[in-house]
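*Asks:* Structure file coords-v4.pdb (PDB, C-alpha atoms) is given on the next line.
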ATOM      1  CA  LEU F   1     -14.353 -13.454  44.280  1.00  0.00           C
ATOM      2  CA  THR F   2     -16.952 -11.853  42.045  1.00  0.00           C
ATOM      3  CA  GLY F   3     -18.363  -8.881  43.906  1.00  0.00           C
ATOM      4  CA  GLU F   4     -18.367 -10.244  47.446  1.00  0.00           C
ATOM      5  CA  ILE F   5     -17.133  -8.123  50.327  1.00  0.00           C
ATOM      6  CA  VAL F   6     -14.294  -9.347  52.555  1.00  0.00           C
ATOM      7  CA  SER F   7     -13.917  -8.138  56.150  1.00  0.00           C
ATOM      8  CA  ARG F   8     -11.476  -8.770  58.985  1.00  0.00           C
ATOM      9  CA  SER F   9     -11.935  -8.695  62.731  1.00  0.00           C
ATOM     10  CA  SER F  10     -10.349  -8.693  66.156  1.00  0.00           C
ATOM     11  CA  ASP F  11     -12.282 -11.947  66.701  1.00  0.00           C
ATOM     12  CA  LYS F  12      -9.523 -13.678  64.653  1.00  0.00           C
ATOM     13  CA  THR F  13     -11.761 -14.261  61.626  1.00  0.00           C
ATOM     14  CA  VAL F  14     -12.064 -13.170  58.028  1.00  0.00           C
ATOM     15  CA  ARG F  15     -15.592 -13.133  56.607  1.00  0.00           C
ATOM     16  CA  ILE F  16     -16.879 -13.117  53.051  1.00  0.00           C
ATOM     17  CA  TRP F  17     -20.254 -11.405  52.533  1.00  0.00           C
ATOM     18  CA  ASP F  18     -22.887 -11.291  49.843  1.00  0.00           C
ATOM     19  CA  PRO F  19     -23.553  -7.540  49.428  1.00  0.00           C
ATOM     20  CA  GLU F  20     -27.024  -8.148  47.949  1.00  0.00           C
ATOM     21  CA  THR F  21     -28.440 -10.345  50.698  1.00  0.00           C
ATOM     22  CA  GLY F  22     -26.215  -9.227  53.578  1.00  0.00           C
ATOM     23  CA  GLU F  23     -25.522 -12.881  54.351  1.00  0.00           C
ATOM     24  CA  CYS F  24     -22.155 -14.112  55.536  1.00  0.00           C
ATOM     25  CA  ILE F  25     -21.135 -16.636  52.885  1.00  0.00           C
ATOM     26  CA  ARG F  26     -18.019 -17.963  54.564  1.00  0.00           C
ATOM     27  CA  VAL F  27     -15.974 -17.592  57.765  1.00  0.00           C
ATOM     28  CA  LEU F  28     -12.216 -18.110  57.398  1.00  0.00           C
ATOM     29  CA  LEU F  29     -10.714 -19.554  60.572  1.00  0.00           C
ATOM     30  CA  GLY F  30      -7.045 -20.128  61.377  1.00  0.00           C
ATOM     31  CA  HIS F  31      -5.423 -16.996  62.768  1.00  0.00           C
ATOM     32  CA  SER F  32      -4.609 -17.107  66.488  1.00  0.00           C
ATOM     33  CA  GLY F  33      -4.611 -13.302  66.857  1.00  0.00           C
ATOM     34  CA  SER F  34      -6.568 -10.321  65.606  1.00  0.00           C
ATOM     35  CA  VAL F  35      -6.744 -10.116  61.825  1.00  0.00           C
ATOM     36  CA  THR F  36      -5.240  -6.694  61.129  1.00  0.00           C
ATOM     37  CA  GLY F  37      -5.717  -6.501  57.365  1.00  0.00           C
ATOM     38  CA  VAL F  38      -7.055  -8.254  54.309  1.00  0.00           C
ATOM     39  CA  THR F  39      -6.718  -7.889  50.552  1.00  0.00           C
ATOM     40  CA  VAL F  40      -7.617  -9.867  47.443  1.00  0.00           C
ATOM     41  CA  HIS F  41      -4.842 -11.301  45.274  1.00  0.00           C
ATOM     42  CA  PRO F  42      -5.180  -9.552  41.880  1.00  0.00           C
ATOM     43  CA  LEU F  43      -4.019 -12.583  39.881  1.00  0.00           C
ATOM     44  CA  THR F  44      -5.771 -15.456  41.647  1.00  0.00           C
ATOM     45  CA  GLY F  45      -8.724 -13.923  43.503  1.00  0.00           C
ATOM     46  CA  GLU F  46      -7.516 -15.559  46.704  1.00  0.00           C
ATOM     47  CA  VAL F  47      -7.937 -13.738  50.009  1.00  0.00           C
ATOM     48  CA  VAL F  48      -4.703 -12.616  51.696  1.00  0.00           C
ATOM     49  CA  SER F  49      -4.838 -11.778  55.413  1.00  0.00           C
ATOM     50  CA  ARG F  50      -2.371 -10.482  57.983  1.00  0.00           C
ATOM     51  CA  SER F  51      -2.518 -10.853  61.735  1.00  0.00           C
ATOM     52  CA  SER F  52      -1.124  -9.944  65.108  1.00  0.00           C
ATOM     53  CA  ASP F  53      -0.224 -13.658  65.327  1.00  0.00           C
ATOM     54  CA  ARG F  54       2.839 -12.785  63.141  1.00  0.00           C
ATOM     55  CA  THR F  55       1.547 -14.606  60.037  1.00  0.00           C
ATOM     56  CA  VAL F  56       0.188 -13.873  56.587  1.00  0.00           C
ATOM     57  CA  ARG F  57      -2.284 -16.386  55.165  1.00  0.00           C
ATOM     58  CA  ILE F  58      -3.723 -17.102  51.730  1.00  0.00           C
ATOM     59  CA  TRP F  59      -7.276 -18.463  51.594  1.00  0.00           C
ATOM     60  CA  ASP F  60      -9.362 -20.111  48.911  1.00  0.00           C
ATOM     61  CA  PRO F  61     -12.524 -17.948  48.918  1.00  0.00           C
ATOM     62  CA  GLN F  62     -14.654 -20.773  47.496  1.00  0.00           C
ATOM     63  CA  THR F  63     -13.854 -23.335  50.181  1.00  0.00           C
ATOM     64  CA  GLY F  64     -12.641 -21.140  53.051  1.00  0.00           C
ATOM     65  CA  GLU F  65      -9.541 -23.316  53.299  1.00  0.00           C
ATOM     66  CA  CYS F  66      -6.204 -21.774  54.260  1.00  0.00           C
ATOM     67  CA  VAL F  67      -3.906 -22.772  51.414  1.00  0.00           C
ATOM     68  CA  LYS F  68      -0.648 -21.132  52.536  1.00  0.00           C
ATOM     69  CA  VAL F  69       0.811 -19.707  55.764  1.00  0.00           C
ATOM     70  CA  PHE F  70       3.775 -17.310  55.637  1.00  0.00           C
ATOM     71  CA  GLN F  71       5.811 -17.343  58.863  1.00  0.00           C
ATOM     72  CA  GLY F  72       8.935 -15.341  59.657  1.00  0.00           C
ATOM     73  CA  HIS F  73       7.986 -12.065  61.294  1.00  0.00           C
ATOM     74  CA  SER F  74       8.827 -11.902  64.994  1.00  0.00           C
ATOM     75  CA  LEU F  75       6.030  -9.429  65.814  1.00  0.00           C
ATOM     76  CA  GLY F  76       2.549  -8.697  64.489  1.00  0.00           C
ATOM     77  CA  VAL F  77       2.069  -8.074  60.773  1.00  0.00           C
ATOM     78  CA  THR F  78       0.916  -4.515  60.064  1.00  0.00           C
ATOM     79  CA  GLY F  79       0.761  -4.409  56.282  1.00  0.00           C
ATOM     80  CA  VAL F  80       0.253  -6.759  53.366  1.00  0.00           C
ATOM     81  CA  THR F  81      -0.052  -6.280  49.627  1.00  0.00           C
ATOM     82  CA  VAL F  82       0.530  -8.238  46.432  1.00  0.00           C
ATOM     83  CA  ARG F  83       2.953  -7.314  43.642  1.00  0.00           C
ATOM     84  CA  PRO F  84       0.659  -7.389  40.583  1.00  0.00           C
ATOM     85  CA  LEU F  85       3.177  -8.547  37.976  1.00  0.00           C
ATOM     86  CA  THR F  86       4.857 -11.295  40.007  1.00  0.00           C
ATOM     87  CA  GLY F  87       2.151 -12.260  42.490  1.00  0.00           C
ATOM     88  CA  GLU F  88       4.681 -11.995  45.309  1.00  0.00           C
ATOM     89  CA  ILE F  89       3.297 -11.187  48.739  1.00  0.00           C
ATOM     90  CA  VAL F  90       4.845  -8.193  50.539  1.00  0.00           C
ATOM     91  CA  SER F  91       4.378  -7.807  54.293  1.00  0.00           C
ATOM     92  CA  GLY F  92       5.497  -5.338  56.946  1.00  0.00           C
ATOM     93  CA  SER F  93       5.666  -5.864  60.674  1.00  0.00           C
ATOM     94  CA  TYR F  94       6.220  -4.270  64.053  1.00  0.00           C
ATOM     95  CA  ASP F  95       9.548  -6.166  63.930  1.00  0.00           C
ATOM     96  CA  SER F  96      10.807  -3.311  61.669  1.00  0.00           C
ATOM     97  CA  THR F  97      11.110  -5.490  58.552  1.00  0.00           C
ATOM     98  CA  VAL F  98       9.459  -5.772  55.163  1.00  0.00           C
ATOM     99  CA  ARG F  99       9.411  -9.285  53.743  1.00  0.00           C
ATOM    100  CA  ILE F 100       8.848 -10.490  50.183  1.00  0.00           C
ATOM    101  CA  TRP F 101       7.321 -13.971  49.926  1.00  0.00           C
ATOM    102  CA  ASP F 102       7.079 -16.495  47.120  1.00  0.00           C
ATOM    103  CA  PRO F 103       3.350 -17.265  46.874  1.00  0.00           C
ATOM    104  CA  GLN F 104       3.958 -20.791  45.558  1.00  0.00           C
ATOM    105  CA  THR F 105       6.437 -22.051  48.151  1.00  0.00           C
ATOM    106  CA  GLY F 106       5.586 -19.777  51.081  1.00  0.00           C
ATOM    107  CA  GLU F 107       9.286 -19.023  51.482  1.00  0.00           C
ATOM    108  CA  CYS F 108      10.595 -15.570  52.319  1.00  0.00           C
ATOM    109  CA  VAL F 109      12.753 -14.537  49.352  1.00  0.00           C
ATOM    110  CA  LYS F 110      13.978 -11.216  50.730  1.00  0.00           C
ATOM    111  CA  VAL F 111      14.022  -9.268  53.991  1.00  0.00           C
ATOM    112  CA  LEU F 112      14.205  -5.482  53.732  1.00  0.00           C
ATOM    113  CA  GLN F 113      15.705  -3.915  56.860  1.00  0.00           C
ATOM    114  CA  GLY F 114      16.368  -0.303  57.776  1.00  0.00           C
ATOM    115  CA  HIS F 115      13.435   1.016  59.805  1.00  0.00           C
ATOM    116  CA  SER F 116      14.330   1.855  63.400  1.00  0.00           C
ATOM    117  CA  LEU F 117      10.754   1.234  64.595  1.00  0.00           C
ATOM    118  CA  GLY F 118       7.900  -0.986  63.476  1.00  0.00           C
ATOM    119  CA  VAL F 119       6.685  -0.870  59.884  1.00  0.00           C
ATOM    120  CA  THR F 120       3.120   0.456  59.877  1.00  0.00           C
ATOM    121  CA  GLY F 121       2.192  -0.279  56.257  1.00  0.00           C
ATOM    122  CA  VAL F 122       3.406  -1.391  52.839  1.00  0.00           C
ATOM    123  CA  THR F 123       2.310  -0.599  49.307  1.00  0.00           C
ATOM    124  CA  VAL F 124       3.440  -1.227  45.739  1.00  0.00           C
ATOM    125  CA  ARG F 125       2.986   0.665  42.484  1.00  0.00           C
ATOM    126  CA  PRO F 126      -0.177  -0.707  40.851  1.00  0.00           C
ATOM    127  CA  LEU F 127       1.244  -1.200  37.361  1.00  0.00           C
ATOM    128  CA  THR F 128       4.869  -2.135  38.004  1.00  0.00           C
ATOM    129  CA  GLY F 129       4.722  -3.755  41.439  1.00  0.00           C
ATOM    130  CA  GLU F 130       7.665  -1.708  42.693  1.00  0.00           C
ATOM    131  CA  ILE F 131       7.717  -1.466  46.470  1.00  0.00           C
ATOM    132  CA  VAL F 132       7.253   2.150  47.568  1.00  0.00           C
TER     133      VAL F 132
END
Before we go any further, please render this structure as structure tokens.
*Replies:*
Amino acid sequence: LTGEIVSRSSDKTVRIWDPETGECIRVLLGHSGSVTGVTVHPLTGEVVSRSSDRTVRIWDPQTGECVKVFQGHSLGVTGVTVRPLTGEIVSGSYDSTVRIWDPQTGECVKVLQGHSLGVTGVTVRPLTGEIV
């Protein structure tokens, strides 16, 4: 992405927009539930989305193709971010877990448990990637 705007919607789509023309450049289709968040991968420029369908997806912004699906949460995903040094995907869910995913394999490498209710967001330190 080079200046485009990325949005998410309850209509199950992610859209990429040209801010100069206002045109929708691309519609990313694949989630089966509301898309509850979106971010851009700081290392690759790929779009990372989360959804009430319990998945996190990585998209190629040039083609609109879904290149990876992360499955493992038992309830909707409420937070997603990327660890800047490792590129790992971090997600939180109403299932009370935080999961760390390998972006290459799509495998969950760690499950962080301890919340008594649903996780409502996740973040990492911008420079170190530590989960906070």
*Asks:* Find the distance between atom CA of F:Ile5 and atom CA of F:Trp17 and write it in Å to one decimal.
*Replies:*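 Going from atom CA of F:Ile5 over to atom CA of F:Trp17 covers 5.0 Å.
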*Asks:* Could you list, as a VMD selection string, every residue within 12 Å of F:Val48, counting only C-alpha atoms and ignoring same-chain residues fewer than 2 positions away?
*Replies:* chain F and resid 6 to 8 14 to 15 28 31 35 to 46 50 to 51 55 to 61 64 to 70 79 to 82 87 to 91 103
*Asks:* F:Leu1, F:Asp18, F:Ser116, F:Arg125: which is nearest F:Asp95, counting all atoms listed in the file?
*Replies:*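 Answer, going by the shortest atom-to-atom distance: F:Ser116.
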*Asks:* Expanded to explicit residues, what is the PyMOL selection byres ((chain F and resi 100) around 6) for this file, as a PyMOL selection string?
*Replies:* chain F and resi 89-90+99+101+108-110
*Asks:* Put those residues in a file: C-alpha atoms, as a PDB file, keeping the file's coordinate frame.
*Replies:*
ATOM      1  CA  ILE F  89       3.297 -11.187  48.739  1.00  0.00           C
ATOM      2  CA  VAL F  90       4.845  -8.193  50.539  1.00  0.00           C
ATOM      3  CA  ARG F  99       9.411  -9.285  53.743  1.00  0.00           C
ATOM      4  CA  TRP F 101       7.321 -13.971  49.926  1.00  0.00           C
ATOM      5  CA  CYS F 108      10.595 -15.570  52.319  1.00  0.00           C
ATOM      6  CA  VAL F 109      12.753 -14.537  49.352  1.00  0.00           C
ATOM      7  CA  LYS F 110      13.978 -11.216  50.730  1.00  0.00           C
TER       8      LYS F 110
END
*Asks:* Mind giving me the straight-line distance from atom CA of F:Gly72 to atom CA of F:Gln104 in Å, one decimal?
*Replies:* 15.9 Å
*Asks:* Atom CA of F:Lys12 to atom CA of F:Val119: how many Å, to one decimal?
*Replies:*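 Separation between atom CA of F:Lys12 and atom CA of F:Val119: 21.2 Å.
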*Asks:* Near F:Ser93, within 8 Å and counting all atoms listed in the file, which residues show up once chain neighbours fewer than 3 positions away are dropped, as a PDB file with C-alpha atoms, in the frame of the given file?
*Replies:*
ATOM      1  CA  ARG F  54       2.839 -12.785  63.141  1.00  0.00           C
ATOM      2  CA  HIS F  73       7.986 -12.065  61.294  1.00  0.00           C
ATOM      3  CA  LEU F  75       6.030  -9.429  65.814  1.00  0.00           C
ATOM      4  CA  GLY F  76       2.549  -8.697  64.489  1.00  0.00           C
ATOM      5  CA  VAL F  77       2.069  -8.074  60.773  1.00  0.00           C
ATOM      6  CA  THR F  78       0.916  -4.515  60.064  1.00  0.00           C
ATOM      7  CA  GLY F  79       0.761  -4.409  56.282  1.00  0.00           C
ATOM      8  CA  SER F  96      10.807  -3.311  61.669  1.00  0.00           C
ATOM      9  CA  THR F  97      11.110  -5.490  58.552  1.00  0.00           C
ATOM     10  CA  VAL F  98       9.459  -5.772  55.163  1.00  0.00           C
ATOM     11  CA  GLY F 118       7.900  -0.986  63.476  1.00  0.00           C
ATOM     12  CA  VAL F 119       6.685  -0.870  59.884  1.00  0.00           C
ATOM     13  CA  THR F 120       3.120   0.456  59.877  1.00  0.00           C
ATOM     14  CA  GLY F 121       2.192  -0.279  56.257  1.00  0.00           C
TER      15      GLY F 121
END
*Asks:* Which centre and edge lengths in Å to one decimal define the box along x, y and z that fits every listed atom of stretch 74-92 of chain F plus 6 Å per side, as lines of an AutoDock Vina configuration file?
*Replies:*
center_x = 4.4
center_y = -8.3
center_z = 51.9
size_x = 20.9
size_y = 19.9
size_z = 39.8
*Asks:* Taking all atoms listed in the file into account, which of F:Asp53, F:Tyr94, F:Asp102, F:Gly3 comes nearest F:His115?
*Replies:*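 Looking at the shortest contact to F:His115, the residue is F:Tyr94.
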*Asks:* Taking the block just given, write stretch 38-81 of chain F to a file that holds N, CA and C atoms, as a PDB file, in the first residue's frame.
*Replies:*
ATOM      1  N   VAL F  38      -9.001  -3.933  11.062  1.00  0.00           N
ATOM      2  CA  VAL F  38      -8.066  -4.082   9.958  1.00  0.00           C
ATOM      3  C   VAL F  38      -6.808  -3.284  10.270  1.00  0.00           C
ATOM      4  N   THR F  39      -5.675  -3.798   9.838  1.00  0.00           N
ATOM      5  CA  THR F  39      -4.409  -3.088   9.981  1.00  0.00           C
ATOM      6  C   THR F  39      -3.548  -3.431   8.771  1.00  0.00           C
ATOM      7  N   VAL F  40      -2.442  -2.723   8.633  1.00  0.00           N
ATOM      8  CA  VAL F  40      -1.502  -3.005   7.546  1.00  0.00           C
ATOM      9  C   VAL F  40      -0.224  -3.556   8.156  1.00  0.00           C
ATOM     10  N   HIS F  41       0.248  -4.681   7.619  1.00  0.00           N
ATOM     11  CA  HIS F  41       1.465  -5.319   8.102  1.00  0.00           C
ATOM     12  C   HIS F  41       2.645  -4.386   7.847  1.00  0.00           C
ATOM     13  N   PRO F  42       3.399  -4.001   8.897  1.00  0.00           N
ATOM     14  CA  PRO F  42       4.465  -3.015   8.724  1.00  0.00           C
ATOM     15  C   PRO F  42       5.661  -3.507   7.907  1.00  0.00           C
ATOM     16  N   LEU F  43       5.828  -4.812   7.792  1.00  0.00           N
ATOM     17  CA  LEU F  43       6.970  -5.350   7.049  1.00  0.00           C
ATOM     18  C   LEU F  43       6.643  -5.674   5.599  1.00  0.00           C
ATOM     19  N   THR F  44       5.412  -6.087   5.336  1.00  0.00           N
ATOM     20  CA  THR F  44       5.056  -6.561   3.998  1.00  0.00           C
ATOM     21  C   THR F  44       4.074  -5.659   3.254  1.00  0.00           C
ATOM     22  N   GLY F  45       3.359  -4.798   3.984  1.00  0.00           N
ATOM     23  CA  GLY F  45       2.331  -3.977   3.355  1.00  0.00           C
ATOM     24  C   GLY F  45       1.035  -4.718   3.115  1.00  0.00           C
ATOM     25  N   GLU F  46       0.974  -5.981   3.535  1.00  0.00           N
ATOM     26  CA  GLU F  46      -0.256  -6.751   3.378  1.00  0.00           C
ATOM     27  C   GLU F  46      -1.323  -6.238   4.341  1.00  0.00           C
ATOM     28  N   VAL F  47      -2.570  -6.458   3.991  1.00  0.00           N
ATOM     29  CA  VAL F  47      -3.699  -6.085   4.833  1.00  0.00           C
ATOM     30  C   VAL F  47      -4.005  -7.257   5.758  1.00  0.00           C
ATOM     31  N   VAL F  48      -4.192  -6.962   7.049  1.00  0.00           N
ATOM     32  CA  VAL F  48      -4.527  -7.980   8.041  1.00  0.00           C
ATOM     33  C   VAL F  48      -5.895  -7.616   8.611  1.00  0.00           C
ATOM     34  N   SER F  49      -6.843  -8.554   8.533  1.00  0.00           N
ATOM     35  CA  SER F  49      -8.198  -8.285   9.024  1.00  0.00           C
ATOM     36  C   SER F  49      -8.597  -9.301  10.082  1.00  0.00           C
ATOM     37  N   ARG F  50      -9.540  -8.880  10.921  1.00  0.00           N
ATOM     38  CA  ARG F  50     -10.098  -9.766  11.952  1.00  0.00           C
ATOM     39  C   ARG F  50     -11.605  -9.737  11.805  1.00  0.00           C
ATOM     40  N   SER F  51     -12.261 -10.803  12.292  1.00  0.00           N
ATOM     41  CA  SER F  51     -13.696 -10.895  12.051  1.00  0.00           C
ATOM     42  C   SER F  51     -14.440 -11.618  13.161  1.00  0.00           C
ATOM     43  N   SER F  52     -15.747 -11.372  13.171  1.00  0.00           N
ATOM     44  CA  SER F  52     -16.625 -12.111  14.074  1.00  0.00           C
ATOM     45  C   SER F  52     -16.741 -13.574  13.640  1.00  0.00           C
ATOM     46  N   ASP F  53     -16.231 -13.916  12.455  1.00  0.00           N
ATOM     47  CA  ASP F  53     -16.253 -15.310  12.004  1.00  0.00           C
ATOM     48  C   ASP F  53     -15.152 -16.162  12.646  1.00  0.00           C
ATOM     49  N   ARG F  54     -14.423 -15.565  13.627  1.00  0.00           N
ATOM     50  CA  ARG F  54     -13.398 -16.248  14.431  1.00  0.00           C
ATOM     51  C   ARG F  54     -12.063 -16.393  13.705  1.00  0.00           C
ATOM     52  N   THR F  55     -11.867 -15.673  12.595  1.00  0.00           N
ATOM     53  CA  THR F  55     -10.618 -15.791  11.847  1.00  0.00           C
ATOM     54  C   THR F  55      -9.890 -14.456  11.735  1.00  0.00           C
ATOM     55  N   VAL F  56      -8.593 -14.576  11.456  1.00  0.00           N
ATOM     56  CA  VAL F  56      -7.754 -13.462  11.034  1.00  0.00           C
ATOM     57  C   VAL F  56      -7.292 -13.829   9.630  1.00  0.00           C
ATOM     58  N   ARG F  57      -7.262 -12.842   8.737  1.00  0.00           N
ATOM     59  CA  ARG F  57      -6.846 -13.105   7.360  1.00  0.00           C
ATOM     60  C   ARG F  57      -5.779 -12.110   6.930  1.00  0.00           C
ATOM     61  N   ILE F  58      -4.869 -12.583   6.077  1.00  0.00           N
ATOM     62  CA  ILE F  58      -3.887 -11.709   5.440  1.00  0.00           C
ATOM     63  C   ILE F  58      -4.236 -11.643   3.958  1.00  0.00           C
ATOM     64  N   TRP F  59      -4.210 -10.420   3.424  1.00  0.00           N
ATOM     65  CA  TRP F  59      -4.610 -10.163   2.037  1.00  0.00           C
ATOM     66  C   TRP F  59      -3.475  -9.499   1.268  1.00  0.00           C
ATOM     67  N   ASP F  60      -3.356  -9.856   0.004  1.00  0.00           N
ATOM     68  CA  ASP F  60      -2.466  -9.153  -0.904  1.00  0.00           C
ATOM     69  C   ASP F  60      -3.226  -7.924  -1.404  1.00  0.00           C
ATOM     70  N   PRO F  61      -2.774  -6.701  -1.074  1.00  0.00           N
ATOM     71  CA  PRO F  61      -3.535  -5.517  -1.460  1.00  0.00           C
ATOM     72  C   PRO F  61      -3.527  -5.244  -2.963  1.00  0.00           C
ATOM     73  N   GLN F  62      -2.580  -5.815  -3.680  1.00  0.00           N
ATOM     74  CA  GLN F  62      -2.504  -5.605  -5.130  1.00  0.00           C
ATOM     75  C   GLN F  62      -3.516  -6.446  -5.893  1.00  0.00           C
ATOM     76  N   THR F  63      -3.726  -7.680  -5.410  1.00  0.00           N
ATOM     77  CA  THR F  63      -4.626  -8.594  -6.121  1.00  0.00           C
ATOM     78  C   THR F  63      -5.972  -8.758  -5.425  1.00  0.00           C
ATOM     79  N   GLY F  64      -6.028  -8.451  -4.122  1.00  0.00           N
ATOM     80  CA  GLY F  64      -7.237  -8.682  -3.347  1.00  0.00           C
ATOM     81  C   GLY F  64      -7.380 -10.110  -2.886  1.00  0.00           C
ATOM     82  N   GLU F  65      -6.380 -10.932  -3.175  1.00  0.00           N
ATOM     83  CA  GLU F  65      -6.428 -12.350  -2.810  1.00  0.00           C
ATOM     84  C   GLU F  65      -6.112 -12.554  -1.331  1.00  0.00           C
ATOM     85  N   CYS F  66      -6.875 -13.433  -0.686  1.00  0.00           N
ATOM     86  CA  CYS F  66      -6.571 -13.841   0.682  1.00  0.00           C
ATOM     87  C   CYS F  66      -5.429 -14.837   0.605  1.00  0.00           C
ATOM     88  N   VAL F  67      -4.305 -14.501   1.247  1.00  0.00           N
ATOM     89  CA  VAL F  67      -3.125 -15.355   1.148  1.00  0.00           C
ATOM     90  C   VAL F  67      -2.918 -16.246   2.375  1.00  0.00           C
ATOM     91  N   LYS F  68      -3.604 -15.946   3.473  1.00  0.00           N
ATOM     92  CA  LYS F  68      -3.453 -16.767   4.679  1.00  0.00           C
ATOM     93  C   LYS F  68      -4.690 -16.575   5.558  1.00  0.00           C
ATOM     94  N   VAL F  69      -5.164 -17.677   6.139  1.00  0.00           N
ATOM     95  CA  VAL F  69      -6.271 -17.640   7.103  1.00  0.00           C
ATOM     96  C   VAL F  69      -5.763 -18.253   8.406  1.00  0.00           C
ATOM     97  N   PHE F  70      -5.955 -17.541   9.507  1.00  0.00           N
ATOM     98  CA  PHE F  70      -5.551 -18.011  10.830  1.00  0.00           C
ATOM     99  C   PHE F  70      -6.817 -18.435  11.578  1.00  0.00           C
ATOM    100  N   GLN F  71      -6.907 -19.729  11.898  1.00  0.00           N
ATOM    101  CA  GLN F  71      -8.077 -20.269  12.582  1.00  0.00           C
ATOM    102  C   GLN F  71      -7.660 -20.902  13.893  1.00  0.00           C
ATOM    103  N   GLY F  72      -8.460 -20.677  14.944  1.00  0.00           N
ATOM    104  CA  GLY F  72      -8.160 -21.258  16.243  1.00  0.00           C
ATOM    105  C   GLY F  72      -8.980 -20.656  17.362  1.00  0.00           C
ATOM    106  N   HIS F  73      -9.421 -19.418  17.181  1.00  0.00           N
ATOM    107  CA  HIS F  73     -10.282 -18.807  18.194  1.00  0.00           C
ATOM    108  C   HIS F  73     -11.660 -19.470  18.134  1.00  0.00           C
ATOM    109  N   SER F  74     -12.287 -19.610  19.298  1.00  0.00           N
ATOM    110  CA  SER F  74     -13.608 -20.236  19.341  1.00  0.00           C
ATOM    111  C   SER F  74     -14.747 -19.219  19.328  1.00  0.00           C
ATOM    112  N   LEU F  75     -14.398 -17.938  19.458  1.00  0.00           N
ATOM    113  CA  LEU F  75     -15.383 -16.851  19.359  1.00  0.00           C
ATOM    114  C   LEU F  75     -14.782 -15.741  18.507  1.00  0.00           C
ATOM    115  N   GLY F  76     -15.561 -14.701  18.249  1.00  0.00           N
ATOM    116  CA  GLY F  76     -15.136 -13.621  17.380  1.00  0.00           C
ATOM    117  C   GLY F  76     -13.821 -12.977  17.802  1.00  0.00           C
ATOM    118  N   VAL F  77     -13.050 -12.538  16.806  1.00  0.00           N
ATOM    119  CA  VAL F  77     -11.766 -11.901  17.046  1.00  0.00           C
ATOM    120  C   VAL F  77     -11.991 -10.400  17.253  1.00  0.00           C
ATOM    121  N   THR F  78     -11.464  -9.886  18.362  1.00  0.00           N
ATOM    122  CA  THR F  78     -11.723  -8.507  18.772  1.00  0.00           C
ATOM    123  C   THR F  78     -10.516  -7.594  18.641  1.00  0.00           C
ATOM    124  N   GLY F  79      -9.350  -8.160  18.408  1.00  0.00           N
ATOM    125  CA  GLY F  79      -8.154  -7.344  18.272  1.00  0.00           C
ATOM    126  C   GLY F  79      -7.130  -8.043  17.413  1.00  0.00           C
ATOM    127  N   VAL F  80      -6.389  -7.259  16.635  1.00  0.00           N
ATOM    128  CA  VAL F  80      -5.291  -7.832  15.854  1.00  0.00           C
ATOM    129  C   VAL F  80      -4.220  -6.772  15.670  1.00  0.00           C
ATOM    130  N   THR F  81      -2.969  -7.205  15.773  1.00  0.00           N
ATOM    131  CA  THR F  81      -1.839  -6.325  15.530  1.00  0.00           C
ATOM    132  C   THR F  81      -0.685  -7.182  15.027  1.00  0.00           C
TER     133      THR F  81
END
